Amino acid sequence: MNISVQTRNLTRRFGRFTAVDRVTLDVYEGEIFGFLGANGAGKTTLIRMLTGLLKPTEGEAQVAGFDVWGQSEAIKRRIGYMSQRFSLYEDLTAEENLTFYGGIYGLRRDQIEQRKAILFEHVGLQPFAGQMTRDLPLGFKQRLALACALLHDPPIVFLDEPTSGVDPKARRSFWNLIYQTAQLGKTLFVTTHFMDEAEYCHRVGIMHMGRMIAVGPPGQLKRQYDKSTMQEVFIALHQSSEEAA
Amino acid sequence: MQQILYLMWKEFKQVFRTREMLSIIFVAPMIQMLVLGFAISTEVKNVSLIITDFDRSSTSREILRAFEHTDRFRIVGYESSYRGIDNAIHRWHAQMAIVIPPNFGRDLQRGLQPEVLLIVDGLDGNTAGVALGYATGILRQFGQMVLRQRMLARPDAAIPVHQVVAEDRMWYNLDLQPEQYMIPGIVVLLITIISMLLSAMSMVREKEIGTMEQLMVTPLKRYQIILGKILPFLILAFVELGIVLVVAQFIFSIRIVGSYALLAGLAFLYLFATLGLGIFISTITQTQQQAMFVSWFFLIFMILMSGFFIPIENMPPLLQKITYINPMRYFMYIMREIFQKGSTFPFLLKDLVPMTVFGLLIFTFSVLKFQKRLA
């Protein structure tokens, strides 16, 4: 299998605080990789390094075969990114948001129209295309943000806590959408602090205080630690690494 | 190029959908112009005057009549003691008092040199100085009149007296209308505010709602983001310039003597400085509130040090030197020159060159400071 995202001892410090500590990780093409950790565990910092928003302090990382140190602009053309805050323009309509992102990714006008139609269908927002974004329910904003991240058809998509603040029903249907997106052959890198969501991932990595303390498919991790849910695995891992520290 | 156009398209959509933005851009300047244009007046009129006449002669009445007949002064009362004068000035009832001593008329007839006392409230130094100037002018005229009368009355004893008479001609602002001087300054303020404040606010807003982060993970180049963000405000600044020029012409009947094209060209160069500052402010702030605060800090410094209210020549030498780093100072001069004197390009070079150099320096520095990264 081809590797989409590869890191070797990737580290980021802010002054004396180490937000991400020597993380080594491989994420494969077409995978839904879940990235778990409490708030402040370093998930967002790691994603920001991989998307070129932050320079690492040390270590290596390749995204889509390009190096984060020198080729971050090449990476940016091949990734989609949906931040925690669903960064949409609230005073544009749903359709205008898509048109805008299509335009700045350099798509031609006919390509933009074509992609818009496909994505509205994909995320199920067709009836709301003309609505002002600020008037959309949060669950729809989240879908729109995903559509914006997919507009230029990137092979790798980073979703940073895409379900935070959304009700359980909308979370469920958003995960269905993530599955459908993976079926298009895309690699999805999803951070979350909801342990039930971890069950939906092909593989998960668990982060604690900047360190990657476990990586593997949810089923395997549950067997390994003899627990019935990811929630329990997470708590057990947390306690043991807390004791070690 | 396409990317920049899409950024501008989005920016204009947002501006025209936000009612507050529209009022900041189109309504506020009109009100500011009208209020500032009519209110800011360096002209001193209707100085409230107290009269204390200890003489009560025909001569003293003649002097007082001269004060009554001008709109520079407004007589608000008569007092018969210094205590009364003190009280009136203290209560803001009067700004000035004229005291004619006993036996003034008689002493004058005898050829002595009696003195008239002028008491001025010096709190507002500028008004006090101007009012004092008017009053001494009136007294001087009176003195000359007395002298002439005496010479005519006793031609035999006439001593030849040479008088130098100053004739004045005002150039450029014939009627000394304060609006003539203030309006070009107000135009400078308005386009500075719109270009600097609004560009800074709009960039910081994207930081606040997180879309700036989103733009940074796109392949947009740094210069594309910057141009896409500031070109709309450059265009709006020119629209604003057009509006205020129309207002100046129709409401204040102030026509530009100089060339419109030259004015527009130089405004373009000036906007490098203000848009550059807008970018700079957006790089050092995280929220719109902070951006607003920092912008006003810069604006107040720039306005005070531009010669808009306070003539630069009146400042202490050190402060005068500091004004040389203020781009608004140069544009203030340039505007007033083009507006009133109709100065042409060669006359403006001495302000134009430093303004452009500073503008480009600020702009370049800010663009370099704007990074496509979070930290």
# chains A, B, ... in the order shown; residues from 1 in each chain; ligands from 1
>>> select_by_dssp(residues="stretch 115-241 of chain A", states="helix (DSSP H, G or I)", output="mmCIF file with C-alpha atoms, in the first residue's frame")
data_model
loop_
_atom_site.group_PDB
_atom_site.id
_atom_site.type_symbol
_atom_site.label_atom_id
_atom_site.label_comp_id
_atom_site.auth_asym_id
_atom_site.auth_seq_id
_atom_site.Cartn_x
_atom_site.Cartn_y
_atom_site.Cartn_z
ATOM 1 C CA ARG A 115 -17.616 20.265 -9.012
ATOM 2 C CA LYS A 116 -20.281 22.285 -7.213
ATOM 3 C CA ALA A 117 -23.021 20.073 -8.616
ATOM 4 C CA ILE A 118 -21.146 16.886 -7.668
ATOM 5 C CA LEU A 119 -20.383 18.078 -4.153
ATOM 6 C CA PHE A 120 -23.833 19.455 -3.370
ATOM 7 C CA GLU A 121 -25.086 16.012 -4.317
ATOM 8 C CA HIS A 122 -22.350 14.314 -2.278
ATOM 9 C CA VAL A 123 -23.016 16.228 0.951
ATOM 10 C CA GLN A 126 -28.644 20.919 -2.908
ATOM 11 C CA PRO A 127 -31.812 22.528 -1.452
ATOM 12 C CA PHE A 128 -29.776 25.012 0.573
ATOM 13 C CA THR A 133 -24.314 30.400 5.376
ATOM 14 C CA ARG A 134 -25.023 32.066 8.714
ATOM 15 C CA ASP A 135 -28.624 30.784 8.537
ATOM 16 C CA LEU A 138 -24.465 23.735 12.397
ATOM 17 C CA GLY A 139 -24.676 20.246 10.907
ATOM 18 C CA PHE A 140 -25.119 21.745 7.451
ATOM 19 C CA LYS A 141 -22.299 24.207 7.916
ATOM 20 C CA GLN A 142 -20.106 21.251 8.732
ATOM 21 C CA ARG A 143 -21.101 19.502 5.497
ATOM 22 C CA LEU A 144 -20.539 22.667 3.549
ATOM 23 C CA ALA A 145 -17.076 23.003 5.067
ATOM 24 C CA LEU A 146 -16.299 19.463 3.974
ATOM 25 C CA ALA A 147 -17.552 20.241 0.465
ATOM 26 C CA CYS A 148 -15.229 23.277 0.366
ATOM 27 C CA ALA A 149 -12.301 21.092 1.426
ATOM 28 C CA LEU A 150 -13.089 18.563 -1.317
ATOM 29 C CA PRO A 168 -25.251 13.044 17.839
ATOM 30 C CA LYS A 169 -27.566 12.520 14.880
ATOM 31 C CA ALA A 170 -25.660 14.961 12.712
ATOM 32 C CA ARG A 171 -22.405 13.374 13.871
ATOM 33 C CA ARG A 172 -23.629 9.983 12.769
ATOM 34 C CA SER A 173 -24.623 11.199 9.333
ATOM 35 C CA PHE A 174 -21.378 13.107 8.985
ATOM 36 C CA TRP A 175 -19.463 9.874 9.575
ATOM 37 C CA ASN A 176 -21.481 8.235 6.827
ATOM 38 C CA LEU A 177 -20.312 11.066 4.647
ATOM 39 C CA ILE A 178 -16.716 10.418 5.686
ATOM 40 C CA TYR A 179 -17.140 6.778 4.631
ATOM 41 C CA GLN A 180 -18.540 7.800 1.275
ATOM 42 C CA THR A 181 -15.626 10.161 0.813
ATOM 43 C CA ALA A 182 -13.141 7.387 1.602
ATOM 44 C CA GLN A 183 -14.824 5.260 -1.031
ATOM 45 C CA MET A 195 -14.186 7.797 21.524
ATOM 46 C CA ASP A 196 -17.274 6.315 19.865
ATOM 47 C CA GLU A 197 -16.095 7.908 16.618
ATOM 48 C CA ALA A 198 -12.829 6.016 16.948
ATOM 49 C CA PRO A 218 -9.650 -0.283 16.909
ATOM 50 C CA GLY A 219 -10.379 -4.032 17.063
ATOM 51 C CA GLN A 220 -6.746 -4.906 17.616
ATOM 52 C CA LEU A 221 -6.271 -2.242 20.296
ATOM 53 C CA LYS A 222 -9.320 -3.495 22.162
ATOM 54 C CA ARG A 223 -7.992 -7.078 22.130
ATOM 55 C CA GLN A 224 -4.518 -5.958 23.080
ATOM 56 C CA MET A 230 -12.296 2.328 22.615
ATOM 57 C CA GLN A 231 -13.382 4.543 25.486
ATOM 58 C CA GLU A 232 -11.990 2.008 27.966
ATOM 59 C CA VAL A 233 -8.831 1.500 25.912
ATOM 60 C CA PHE A 234 -8.274 5.223 25.916
ATOM 61 C CA ILE A 235 -8.743 5.546 29.670
ATOM 62 C CA ALA A 236 -6.469 2.555 30.387
ATOM 63 C CA LEU A 237 -3.747 3.998 28.147
ATOM 64 C CA HIS A 238 -4.137 7.386 29.732
ATOM 65 C CA GLN A 239 -3.707 5.982 33.231
ATOM 66 C CA SER A 240 -0.676 3.889 32.369
ATOM 67 C CA SER A 241 1.115 6.753 30.631
#
>>> select_by_dssp(residues="stretch 3-244 of chain A", states="strand (DSSP E or B)", output="MDAnalysis selection string")
chainID A and resid 3:14 17:28 32:37 58:63 66:67 79:82 93 132 156:160 187:192 203:208 211:216
>>> interface_residues(of="chain B", to="chain A", cutoff="7 Å", atoms="only C-alpha atoms", output="ChimeraX atom specification")
/B:2-3,6,10,14,209-211,214,216-220,373-375
>>> atom_distance(atom1="atom CA of B:Ile31", atom2="atom CA of B:Leu189")
13.2 Å
>>> atom_distance(atom1="atom CA of B:Thr59", atom2="atom CA of B:Asn103")
10.0 Å
>>> residues_around(residues="stretch 167-173 of chain B", least_positions_apart="2", cutoff="12 Å", atoms="only C-alpha atoms", output="PyMOL selection string")
chain B and resi 164-165+175-182+254-258+336-343
>>> write_last_selection(atoms="N, CA and C atoms", output="compact mmCIF listing (two decimals), in the first residue's frame")
# COMPACT_ATOMS: atom_id res chain seq x y z
N VAL B 164 3.65 104.42 8.20
CA VAL B 164 3.72 103.31 7.26
C VAL B 164 2.37 102.63 7.27
N VAL B 165 1.76 102.56 6.11
CA VAL B 165 0.45 101.92 6.05
C VAL B 165 0.60 100.54 5.41
N ASP B 175 -10.81 85.13 0.82
CA ASP B 175 -11.67 85.60 1.91
C ASP B 175 -11.28 85.00 3.24
N LEU B 176 -10.14 84.33 3.29
CA LEU B 176 -9.68 83.67 4.51
C LEU B 176 -10.74 82.76 5.08
N GLN B 177 -11.40 82.01 4.19
CA GLN B 177 -12.41 81.09 4.69
C GLN B 177 -11.71 79.89 5.32
N PRO B 178 -12.05 79.56 6.54
CA PRO B 178 -11.37 78.41 7.16
C PRO B 178 -11.68 77.10 6.43
N GLU B 179 -12.88 76.98 5.82
CA GLU B 179 -13.21 75.73 5.13
C GLU B 179 -12.22 75.45 4.01
N GLN B 180 -11.78 76.51 3.37
CA GLN B 180 -10.84 76.35 2.27
C GLN B 180 -9.61 75.56 2.70
N TYR B 181 -9.24 75.77 3.95
CA TYR B 181 -8.05 75.15 4.47
C TYR B 181 -8.37 73.80 5.09
N MET B 182 -9.53 73.71 5.74
CA MET B 182 -9.86 72.51 6.49
C MET B 182 -10.36 71.37 5.60
N ILE B 254 -16.24 74.42 -2.70
CA ILE B 254 -14.79 74.46 -2.83
C ILE B 254 -14.39 73.67 -4.05
N ARG B 255 -13.82 74.34 -4.98
CA ARG B 255 -13.38 73.69 -6.21
C ARG B 255 -11.88 73.49 -6.13
N ILE B 256 -11.46 72.37 -6.66
CA ILE B 256 -10.02 72.17 -6.73
C ILE B 256 -9.45 73.07 -7.80
N VAL B 257 -8.43 73.82 -7.44
CA VAL B 257 -7.80 74.69 -8.42
C VAL B 257 -6.88 73.86 -9.31
N GLY B 258 -6.23 72.87 -8.70
CA GLY B 258 -5.24 72.09 -9.45
C GLY B 258 -5.87 70.96 -10.25
N ARG B 336 -3.51 70.29 0.22
CA ARG B 336 -3.83 71.72 0.35
C ARG B 336 -3.24 72.50 -0.81
N GLU B 337 -2.06 72.07 -1.23
CA GLU B 337 -1.43 72.77 -2.36
C GLU B 337 -2.25 72.60 -3.63
N ILE B 338 -2.65 71.35 -3.91
CA ILE B 338 -3.38 71.12 -5.15
C ILE B 338 -4.76 71.77 -5.08
N PHE B 339 -5.41 71.63 -3.95
CA PHE B 339 -6.74 72.18 -3.79
C PHE B 339 -6.74 73.69 -4.00
N GLN B 340 -5.85 74.37 -3.30
CA GLN B 340 -5.97 75.82 -3.23
C GLN B 340 -5.05 76.57 -4.15
N LYS B 341 -3.81 76.08 -4.25
CA LYS B 341 -2.86 76.82 -5.06
C LYS B 341 -2.82 76.30 -6.48
N GLY B 342 -3.33 75.11 -6.69
CA GLY B 342 -3.24 74.51 -8.00
C GLY B 342 -1.81 74.18 -8.35
N SER B 343 -1.03 73.79 -7.34
CA SER B 343 0.38 73.51 -7.58
C SER B 343 0.54 72.37 -8.58
>>> residues_around(residues="B:Ala248", least_positions_apart="2", cutoff="12 Å", atoms="only C-alpha atoms", output="VMD selection string")
chain B and resid 29 to 30 32 to 34 36 to 38 179 to 187 241 to 246 250 to 256 339
>>> residues_around(residues="B:Met355", least_positions_apart="6", cutoff="9 Å", atoms="only C-alpha atoms", output="list in words")
Leu269, Tyr270, Ala273, Ile325, Asn326, Pro327, Met328, Arg329, Tyr330 and Phe331 of chain B
>>> write_last_selection(atoms="N, CA, C and O atoms", output="PDB file, in the first residue's frame")
ATOM      1  N   LEU B 269      -0.319  57.010  -4.547  1.00  0.00           N
ATOM      2  CA  LEU B 269       0.977  56.796  -3.881  1.00  0.00           C
ATOM      3  C   LEU B 269       0.826  56.841  -2.359  1.00  0.00           C
ATOM      4  O   LEU B 269       1.451  56.076  -1.637  1.00  0.00           O
ATOM      5  N   TYR B 270      -0.032  57.750  -1.897  1.00  0.00           N
ATOM      6  CA  TYR B 270      -0.235  57.865  -0.445  1.00  0.00           C
ATOM      7  C   TYR B 270      -0.857  56.592   0.112  1.00  0.00           C
ATOM      8  O   TYR B 270      -0.525  56.151   1.212  1.00  0.00           O
ATOM      9  N   ALA B 273       1.103  53.791   1.763  1.00  0.00           N
ATOM     10  CA  ALA B 273       1.446  53.912   3.185  1.00  0.00           C
ATOM     11  C   ALA B 273       0.296  53.445   4.059  1.00  0.00           C
ATOM     12  O   ALA B 273       0.489  52.647   4.985  1.00  0.00           O
ATOM     13  N   ILE B 325       8.472  61.675   9.715  1.00  0.00           N
ATOM     14  CA  ILE B 325       8.231  60.253   9.439  1.00  0.00           C
ATOM     15  C   ILE B 325       6.747  59.960   9.293  1.00  0.00           C
ATOM     16  O   ILE B 325       6.343  58.821   9.173  1.00  0.00           O
ATOM     17  N   ASN B 326       5.930  60.998   9.300  1.00  0.00           N
ATOM     18  CA  ASN B 326       4.487  60.793   9.212  1.00  0.00           C
ATOM     19  C   ASN B 326       4.027  60.990   7.766  1.00  0.00           C
ATOM     20  O   ASN B 326       4.020  62.104   7.259  1.00  0.00           O
ATOM     21  N   PRO B 327       3.631  59.908   7.106  1.00  0.00           N
ATOM     22  CA  PRO B 327       3.250  60.057   5.697  1.00  0.00           C
ATOM     23  C   PRO B 327       2.085  61.024   5.507  1.00  0.00           C
ATOM     24  O   PRO B 327       1.987  61.696   4.486  1.00  0.00           O
ATOM     25  N   MET B 328       1.210  61.110   6.531  1.00  0.00           N
ATOM     26  CA  MET B 328       0.050  61.985   6.383  1.00  0.00           C
ATOM     27  C   MET B 328       0.468  63.447   6.290  1.00  0.00           C
ATOM     28  O   MET B 328      -0.176  64.256   5.641  1.00  0.00           O
ATOM     29  N   ARG B 329       1.558  63.791   6.940  1.00  0.00           N
ATOM     30  CA  ARG B 329       2.055  65.155   6.895  1.00  0.00           C
ATOM     31  C   ARG B 329       2.250  65.597   5.448  1.00  0.00           C
ATOM     32  O   ARG B 329       1.827  66.682   5.055  1.00  0.00           O
ATOM     33  N   TYR B 330       2.891  64.717   4.669  1.00  0.00           N
ATOM     34  CA  TYR B 330       3.200  65.083   3.290  1.00  0.00           C
ATOM     35  C   TYR B 330       1.938  65.193   2.453  1.00  0.00           C
ATOM     36  O   TYR B 330       1.777  66.113   1.657  1.00  0.00           O
ATOM     37  N   PHE B 331       1.039  64.236   2.666  1.00  0.00           N
ATOM     38  CA  PHE B 331      -0.160  64.250   1.835  1.00  0.00           C
ATOM     39  C   PHE B 331      -1.054  65.435   2.198  1.00  0.00           C
ATOM     40  O   PHE B 331      -1.746  65.986   1.348  1.00  0.00           O
TER      41      PHE B 331
END
>>> closest_residue(among="B:Thr127, B:Gln113, B:Ser80, B:Gln286", to="B:Gln95", atoms="only C-alpha atoms")
B:Thr127
>>> closest_residue(among="B:Ile279, B:Ile193, B:Ile235, B:Met8", to="B:Ala28", atoms="only C-alpha atoms")
B:Ile193
>>> closest_residue(among="B:Phe73, B:Tyr260, B:Phe272, B:Phe347", to="B:Ile230", atoms="only C-alpha atoms")
B:Phe272
>>> atom_distance(atom1="atom CA of A:Glu113", atom2="atom CA of B:Glu11")
20.7 Å
